[in-house]
file data_34.pdb (PDB, C-alpha atoms)
ATOM      1  CA  MET H 112     118.493  72.793  78.152
ATOM      2  CA  ALA H 113     114.932  73.522  77.036
ATOM      3  CA  LEU H 114     113.907  74.171  80.640
ATOM      4  CA  MET H 115     116.825  76.586  81.123
ATOM      5  CA  LEU H 116     115.919  78.481  77.976
ATOM      6  CA  LEU H 117     112.326  78.700  79.116
ATOM      7  CA  CYS H 118     113.384  80.147  82.490
ATOM      8  CA  ILE H 119     115.692  82.676  80.864
ATOM      9  CA  SER H 120     112.908  83.647  78.497
ATOM     10  CA  CYS H 121     110.587  84.214  81.473
ATOM     11  CA  GLN H 122     113.216  86.393  83.140
ATOM     12  CA  TRP H 123     113.570  88.543  80.063
ATOM     13  CA  GLN H 124     109.823  88.930  79.901
ATOM     14  CA  LEU H 125     109.317  89.696  83.570
ATOM     15  CA  LYS H 126     112.084  92.214  84.183
ATOM     16  CA  PRO H 127     110.524  95.120  82.245
ATOM     17  CA  ASN H 128     107.188  94.557  83.998
ATOM     18  CA  ASP H 129     108.897  94.462  87.389
ATOM     19  CA  ALA H 130     110.712  97.686  86.542
ATOM     20  CA  ASP H 131     107.442  99.320  85.499
ATOM     21  CA  ALA H 132     105.764  98.239  88.723
ATOM     22  CA  GLU H 133     108.641  99.596  90.770
ATOM     23  CA  GLU H 134     108.581 102.835  88.827
ATOM     24  CA  GLN H 135     104.879 103.315  89.595
ATOM     25  CA  HIS H 136     105.179 102.596  93.320
ATOM     26  CA  VAL H 137     104.618 105.688  95.437
ATOM     27  CA  SER H 138     106.490 105.937  98.706
ATOM     28  CA  ILE H 139     106.160 109.032 100.866
ATOM     29  CA  GLN H 140     109.523 110.552 101.745
ATOM     30  CA  ARG H 141     109.646 111.043 105.528
ATOM     31  CA  TYR H 142     111.052 114.553 105.617
ATOM     32  CA  ASP H 143     108.869 115.104 108.693
ATOM     33  CA  ARG H 144     111.063 112.782 110.785
ATOM     34  CA  ILE H 145     114.197 114.823 110.158
ATOM     35  CA  GLU H 146     112.270 118.052 110.718
ATOM     36  CA  SER H 147     110.853 116.727 114.000
ATOM     37  CA  LEU H 148     114.286 115.625 115.190
ATOM     38  CA  TYR H 149     115.691 119.121 114.691
ATOM     39  CA  LEU H 150     112.700 120.869 116.247
ATOM     40  CA  THR H 151     112.626 118.688 119.374
ATOM     41  CA  THR H 152     116.369 118.278 120.037
ATOM     42  CA  GLY H 153     118.090 121.057 118.067
ATOM     43  CA  ASP H 154     120.233 118.366 116.413
ATOM     44  CA  TYR H 155     122.500 120.261 113.986
ATOM     45  CA  SER H 156     123.084 117.188 111.799
ATOM     46  CA  ALA H 157     119.308 116.975 111.238
ATOM     47  CA  LEU H 158     119.283 120.629 110.137
ATOM     48  CA  GLN H 159     122.162 119.918 107.740
ATOM     49  CA  GLN H 160     120.234 116.998 106.292
ATOM     50  CA  MET H 161     117.175 119.180 105.803
ATOM     51  CA  ASN H 162     119.240 121.703 103.863
ATOM     52  CA  THR H 163     121.340 119.285 101.799
ATOM     53  CA  VAL H 164     119.057 116.296 101.149
ATOM     54  CA  TYR H 165     115.759 118.210 101.051
ATOM     55  CA  PRO H 166     116.631 121.771  99.991
ATOM     56  CA  THR H 167     113.432 122.363  97.977
ATOM     57  CA  GLN H 168     111.192 120.993 100.708
ATOM     58  CA  THR H 169     112.955 123.126 103.328
ATOM     59  CA  ARG H 170     112.653 126.284 101.249
ATOM     60  CA  MET H 171     108.929 125.716 100.653
ATOM     61  CA  LEU H 172     108.349 124.940 104.337
ATOM     62  CA  LEU H 173     110.116 128.049 105.625
ATOM     63  CA  GLU H 174     109.036 130.478 102.928
ATOM     64  CA  ASP H 175     105.593 129.301 101.772
ATOM     65  CA  VAL H 176     104.095 127.326 104.665
ATOM     66  CA  LEU H 177     105.452 128.906 107.849
ATOM     67  CA  LEU H 178     106.203 132.310 106.259
ATOM     68  CA  LEU H 179     109.302 132.775 108.421
ATOM     69  CA  GLY H 180     111.403 134.520 105.781
ATOM     70  CA  LYS H 181     113.875 133.546 103.073
ATOM     71  CA  VAL H 182     115.724 130.267 103.459
ATOM     72  CA  ASN H 183     119.079 132.070 103.196
ATOM     73  CA  ASP H 184     118.289 134.709 105.844
ATOM     74  CA  ARG H 185     121.050 134.787 108.456
ATOM     75  CA  ASP H 186     118.741 134.067 111.405
ATOM     76  CA  ILE H 187     116.260 131.753 109.670
ATOM     77  CA  ASN H 188     117.338 128.601 111.550
ATOM     78  CA  SER H 189     116.899 130.197 114.972
ATOM     79  CA  LYS H 190     113.517 131.610 113.877
ATOM     80  CA  PHE H 191     112.461 128.142 112.758
ATOM     81  CA  LEU H 192     113.550 126.502 116.003
ATOM     82  CA  PHE H 193     112.035 129.235 118.204
ATOM     83  CA  PHE H 194     108.717 129.119 116.333
ATOM     84  CA  PHE H 195     108.159 125.489 117.357
ATOM     85  CA  GLN H 196     109.043 125.948 121.029
ATOM     86  CA  ASP H 197     105.385 126.646 121.738
ATOM     87  CA  SER H 198     104.071 123.837 123.986
ATOM     88  CA  THR H 199     101.107 123.112 121.703
ATOM     89  CA  LEU H 200     103.401 122.655 118.705
ATOM     90  CA  GLN H 201     105.862 120.540 120.681
ATOM     91  CA  MET H 202     103.000 118.225 121.684
ATOM     92  CA  MET H 203     101.830 118.131 118.078
ATOM     93  CA  LEU H 204     105.307 117.100 116.874
ATOM     94  CA  SER H 205     105.168 114.124 119.209
ATOM     95  CA  ASP H 206     101.593 113.253 118.238
ATOM     96  CA  VAL H 207     102.433 113.306 114.529
ATOM     97  CA  GLN H 208     105.329 110.879 114.954
ATOM     98  CA  HIS H 209     103.127 108.561 117.008
ATOM     99  CA  GLU H 210     100.092 108.707 114.707
ATOM    100  CA  PHE H 211     102.127 108.328 111.510
ATOM    101  CA  ALA H 212     104.831 105.933 112.677
ATOM    102  CA  ASP H 213     103.691 103.679 109.822
ATOM    103  CA  MET H 214     102.313 105.045 106.540
ATOM    104  CA  ASP H 215     102.311 101.863 104.459
ATOM    105  CA  ASP H 216      98.535 102.023 104.043
ATOM    106  CA  VAL H 217      98.767 105.549 102.647
ATOM    107  CA  ASN H 218     101.604 104.529 100.292
ATOM    108  CA  GLN H 219      99.529 101.652  98.943
ATOM    109  CA  GLU H 220      96.468 103.810  98.373
ATOM    110  CA  LEU H 221      98.541 106.541  96.706
ATOM    111  CA  THR H 222     100.176 103.985  94.413
ATOM    112  CA  ALA H 223      96.832 102.549  93.289
ATOM    113  CA  ALA H 224      95.204 105.967  92.847
ATOM    114  CA  PHE H 225      98.078 107.458  90.838
ATOM    115  CA  GLU H 226      98.247 104.352  88.651
ATOM    116  CA  ARG H 227      94.588 104.850  87.765
ATOM    117  CA  LEU H 228      95.102 108.570  87.210
ATOM    118  CA  LYS H 229      98.115 108.000  84.966
ATOM    119  CA  SER H 230      96.139 105.539  82.864
ATOM    120  CA  GLU H 231      93.593 108.335  82.265
ATOM    121  CA  LEU H 232      96.238 111.041  81.804
ATOM    122  CA  PRO H 233      99.163 109.194  80.118
ATOM    123  CA  GLY H 234     101.345 112.286  79.837
ATOM    124  CA  MET H 235     101.109 113.007  83.531
ATOM    125  CA  GLU H 236     104.239 112.721  85.642
ATOM    126  CA  VAL H 237     103.756 111.138  89.068
ATOM    127  CA  PRO H 238     105.002 113.694  91.605
ATOM    128  CA  VAL H 239     107.516 113.208  94.383
ATOM    129  CA  ILE H 240     105.474 113.001  97.585
ATOM    130  CA  TYR H 241     106.856 113.839 101.014
ATOM    131  CA  ALA H 242     105.513 114.365 104.517
ATOM    132  CA  GLN H 243     106.234 117.472 106.558
ATOM    133  CA  ILE H 244     104.981 119.231 109.676
ATOM    134  CA  GLY H 245     103.508 122.708 109.471
ATOM    135  CA  SER H 246     101.606 124.786 111.994
ATOM    136  CA  PHE H 247      97.970 123.690 111.538
ATOM    137  CA  ASP H 248      97.703 125.832 108.396
ATOM    138  CA  GLN H 249      98.103 124.305 104.932
ATOM    139  CA  SER H 250      97.311 120.652 104.293
ATOM    140  CA  ILE H 251      98.913 120.014 100.884
ATOM    141  CA  VAL H 252     101.690 122.031  99.235
ATOM    142  CA  VAL H 253     102.225 121.635  95.487
ATOM    143  CA  GLY H 254     105.283 122.822  93.579
ATOM    144  CA  ASN H 255     108.083 121.686  91.269
ATOM    145  CA  ASN H 256     106.298 118.389  90.539
ATOM    146  CA  SER H 257     106.172 117.580  94.252
ATOM    147  CA  LEU H 258     103.450 117.187  96.852
ATOM    148  CA  GLY H 259     104.057 118.018 100.480
ATOM    149  CA  ILE H 260     101.636 116.494 102.988
ATOM    150  CA  SER H 261     101.376 118.482 106.228
ATOM    151  CA  LEU H 262     100.661 115.661 108.661
ATOM    152  CA  ASP H 263      99.608 118.119 111.374
ATOM    153  CA  LYS H 264      96.337 118.574 109.432
ATOM    154  CA  TYR H 265      95.369 114.874 109.572
ATOM    155  CA  LEU H 266      95.496 113.926 113.260
ATOM    156  CA  GLY H 267      91.807 113.025 113.504
ATOM    157  CA  SER H 268      88.530 114.882 113.932
ATOM    158  CA  ASP H 269      88.671 114.617 117.737
ATOM    159  CA  TYR H 270      92.225 115.947 118.101
ATOM    160  CA  PRO H 271      92.055 118.471 121.003
ATOM    161  CA  PHE H 272      93.540 121.444 119.127
ATOM    162  CA  TYR H 273      91.137 120.893 116.222
ATOM    163  CA  VAL H 274      88.115 120.742 118.522
ATOM    164  CA  THR H 275      88.801 124.228 119.875
ATOM    165  CA  HIS H 276      89.913 125.863 116.605
ATOM    166  CA  TYR H 277      87.946 124.282 113.744
ATOM    167  CA  SER H 278      84.280 123.713 112.972
ATOM    168  CA  GLU H 279      82.761 120.237 112.962
ATOM    169  CA  GLU H 280      82.545 120.297 109.156
ATOM    170  CA  GLN H 281      86.237 121.180 108.863
ATOM    171  CA  ARG H 282      87.240 118.480 111.360
ATOM    172  CA  LYS H 283      85.510 115.797 109.310
ATOM    173  CA  LEU H 284      88.150 116.403 106.627
ATOM    174  CA  MET H 285      91.130 116.412 109.015
ATOM    175  CA  VAL H 286      91.500 112.640 109.154
ATOM    176  CA  ARG H 287      93.986 110.096 107.840
ATOM    177  CA  SER H 288      91.572 108.843 105.158
ATOM    178  CA  MET H 289      91.610 112.293 103.498
ATOM    179  CA  ILE H 290      95.351 112.335 102.775
ATOM    180  CA  VAL H 291      95.118 110.538  99.431
ATOM    181  CA  PRO H 292      92.012 112.389  98.167
ATOM    182  CA  ASP H 293      93.576 115.739  99.079
ATOM    183  CA  CYS H 294      96.837 114.807  97.328
ATOM    184  CA  LEU H 295      94.953 113.906  94.167
ATOM    185  CA  ALA H 296      92.672 116.946  94.266
ATOM    186  CA  PHE H 297      95.452 119.501  94.745
ATOM    187  CA  TYR H 298      97.712 117.840  92.179
ATOM    188  CA  ILE H 299      94.979 117.641  89.543
ATOM    189  CA  LEU H 300      94.118 121.285  90.238
ATOM    190  CA  SER H 301      97.770 122.218  89.653
ATOM    191  CA  LEU H 302      97.645 120.442  86.277
ATOM    192  CA  TYR H 303      94.217 121.766  85.294
ATOM    193  CA  PRO H 304      93.722 125.172  86.914
ATOM    194  CA  LEU H 305      90.542 127.113  86.318
ATOM    195  CA  PRO H 306      91.048 129.470  83.342
ATOM    196  CA  TYR H 307      91.781 133.005  84.478
ATOM    197  CA  LYS H 308      88.641 134.449  82.869
ATOM    198  CA  TYR H 309      86.485 132.354  85.221
ATOM    199  CA  GLN H 310      88.410 132.812  88.452
ATOM    200  CA  GLN H 311      86.231 135.643  89.743
ATOM    201  CA  LEU H 312      83.005 133.666  89.251
ATOM    202  CA  GLN H 313      82.029 131.590  92.295
ATOM    203  CA  ARG H 314      79.775 129.281  90.290
ATOM    204  CA  GLU H 315      82.597 128.504  87.861
ATOM    205  CA  ARG H 316      85.073 127.876  90.695
ATOM    206  CA  ASP H 317      82.660 125.495  92.419
ATOM    207  CA  HIS H 318      81.884 123.720  89.159
ATOM    208  CA  HIS H 319      85.567 123.269  88.333
ATOM    209  CA  MET H 320      86.240 121.813  91.780
ATOM    210  CA  GLY H 321      83.218 119.559  91.290
ATOM    211  CA  LYS H 322      84.897 118.069  88.223
ATOM    212  CA  ILE H 323      88.121 117.496  90.106
ATOM    213  CA  GLN H 324      86.313 115.986  93.081
ATOM    214  CA  TRP H 325      84.380 113.632  90.810
ATOM    215  CA  VAL H 326      87.675 112.481  89.286
ATOM    216  CA  VAL H 327      89.101 111.932  92.773
ATOM    217  CA  ASN H 328      86.105 109.743  93.612
ATOM    218  CA  GLN H 329      86.834 107.625  90.542
ATOM    219  CA  MET H 330      90.560 107.329  91.236
ATOM    220  CA  THR H 331      90.105 106.371  94.900
ATOM    221  CA  GLU H 332      87.123 104.125  94.088
ATOM    222  CA  ARG H 333      85.122 105.580  96.955
ATOM    223  CA  THR H 334      82.694 108.454  97.435
ATOM    224  CA  VAL H 335      84.918 110.978  99.144
ATOM    225  CA  PHE H 336      83.145 114.075  97.868
ATOM    226  CA  SER H 337      79.406 114.463  97.431
ATOM    227  CA  ASN H 338      77.771 117.788  96.606
ATOM    228  CA  GLU H 339      75.586 119.302  93.914
ATOM    229  CA  TYR H 340      78.516 119.986  91.596
ATOM    230  CA  VAL H 341      79.911 116.448  91.870
ATOM    231  CA  ILE H 342      76.413 115.058  91.176
ATOM    232  CA  GLU H 343      76.085 117.357  88.165
ATOM    233  CA  VAL H 344      79.378 116.076  86.755
ATOM    234  CA  ALA H 345      78.426 112.452  87.493
ATOM    235  CA  ASN H 346      75.185 112.860  85.543
ATOM    236  CA  TYR H 347      77.015 114.489  82.654
ATOM    237  CA  MET H 348      79.593 111.690  82.447
ATOM    238  CA  LYS H 349      76.861 109.055  82.677
ATOM    239  CA  ASN H 350      75.128 110.595  79.653
ATOM    240  CA  ASN H 351      78.376 111.225  77.746
ATOM    241  CA  SER H 352      80.319 108.001  78.175
ATOM    242  CA  LYS H 353      82.728 108.814  75.345
ATOM    243  CA  VAL H 354      84.075 111.876  77.129
ATOM    244  CA  SER H 355      87.460 111.065  78.701
ATOM    245  CA  ILE H 356      88.635 112.371  82.038
ATOM    246  CA  ALA H 357      91.257 114.464  80.253
ATOM    247  CA  GLN H 358      88.519 116.058  78.103
ATOM    248  CA  LEU H 359      86.342 116.618  81.169
ATOM    249  CA  LEU H 360      89.118 118.486  82.956
ATOM    250  CA  CYS H 361      90.024 120.570  79.902
ATOM    251  CA  ASN H 362      86.575 121.499  78.589
ATOM    252  CA  ASP H 363      83.563 123.424  79.778
ATOM    253  CA  ILE H 364      80.519 121.265  80.484
TER     254      ILE H 364
END

call {"tool": "encode", "arguments": {"input": "data_34.pdb", "output": "structure tokens"}}
result
Amino acid sequence: MALMLLCISCQWQLKPNDADAEEQHVSIQRYDRIESLYLTTGDYSALQQMNTVYPTQTRMLLEDVLLLGKVNDRDINSKFLFFFQDSTLQMMLSDVQHEFADMDDVNQELTAAFERLKSELPGMEVPVIYAQIGSFDQSIVVGNNSLGISLDKYLGSDYPFYVTHYSEEQRKLMVRSMIVPDCLAFYILSLYPLPYKYQQLQRERDHHMGKIQWVVNQMTERTVFSNEYVIEVANYMKNNSKVSIAQLLCNDI
């Protein structure tokens, strides 16, 4: 009887912790797979799923990423399908599905990074994160407490299309290992935008991004970004250990 009570007691104690752990786990929604199915086969059921299961993601993709028009335009679906008939984009659709067949490593890194970030910013809500396919344009789309990862921007620095269209410096950032840092950077920027009065000042913009990039380095536990502004912030935080990350992001330094 004592043993049974002890086991029941352990169950009561463990369940909330298990629930918390599950709540914190980040798993990328694979919207890109449904999108790719429609764009390569014209499967109408895939299009229906895009519009019914992922209406917000579809609207942002068509209106804000691809700039094809309004999601309720009469000919928007044919525009969308025709846009991706280009041979380069068709090859890219295939390459994305091959390269990102498994994203467990990215899920694990996102989970750990957002757990650390939430511990520093307790009021922060962890966003819904999904993968999509764009047209080699935007990497991360932020809106409505969601993050959209355009996988076509992370196919590797030696990807043929990148080599002919992007500089070497740009291609260094178009790799799988930059997905999590970019997610964090863009999401933090959406929470802590540069005050309007400073937006026209290049020095202030660079300094603000330096703060965000320093925070990303801390949350990922690796030196992703290194430049004069990140070093300046690192020195400041070293000499002002009582300043929290929330205070750093809110205040001028």

call {"tool": "resolve_selection", "arguments": {"input": "data_34.pdb", "expression": "the PyMOL selection byres ((chain H and resi 283) around 12)", "output": "PyMOL selection string"}}
result
chain H and resi 264-270+273-274+277-282+284-289+335-336

call {"tool": "closest_residue", "arguments": {"input": "data_34.pdb", "among": "H:Gln168, H:Thr152, H:Arg141, H:Glu231", "to": "Val207 of chain H", "atoms": "only C-alpha atoms"}}
result
H:Arg141

call {"tool": "atom_distance", "arguments": {"input": "data_34.pdb", "atom1": "atom CA of Glu226 of chain H", "atom2": "atom CA of Asp317 of chain H"}}
result
26.5 Å

call {"tool": "closest_residue", "arguments": {"input": "data_34.pdb", "among": "H:Gln243, H:Val327, H:Val182, H:Gln208", "to": "Ile299 of chain H", "atoms": "only C-alpha atoms"}}
result
H:Val327

call {"tool": "closest_residue", "arguments": {"input": "data_34.pdb", "among": "H:Ile356, H:Val253, H:Met203, H:Leu258", "to": "Leu221 of chain H", "atoms": "all atoms listed in the file"}}
result
H:Leu258

call {"tool": "closest_residue", "arguments": {"input": "data_34.pdb", "among": "H:Asn188, H:Asn218, H:Gln196, H:Gln329", "to": "Ile240 of chain H", "atoms": "only C-alpha atoms"}}
result
H:Asn218

call {"tool": "residues_near_point", "arguments": {"input": "data_34.pdb", "point": "(100.6, 121.9, 95.4)", "cutoff": "12 Å", "atoms": "all atoms listed in the file", "output": "VMD selection string"}}
result
chain H and resid 168 171 175 to 176 238 to 241 249 to 261 293 to 304
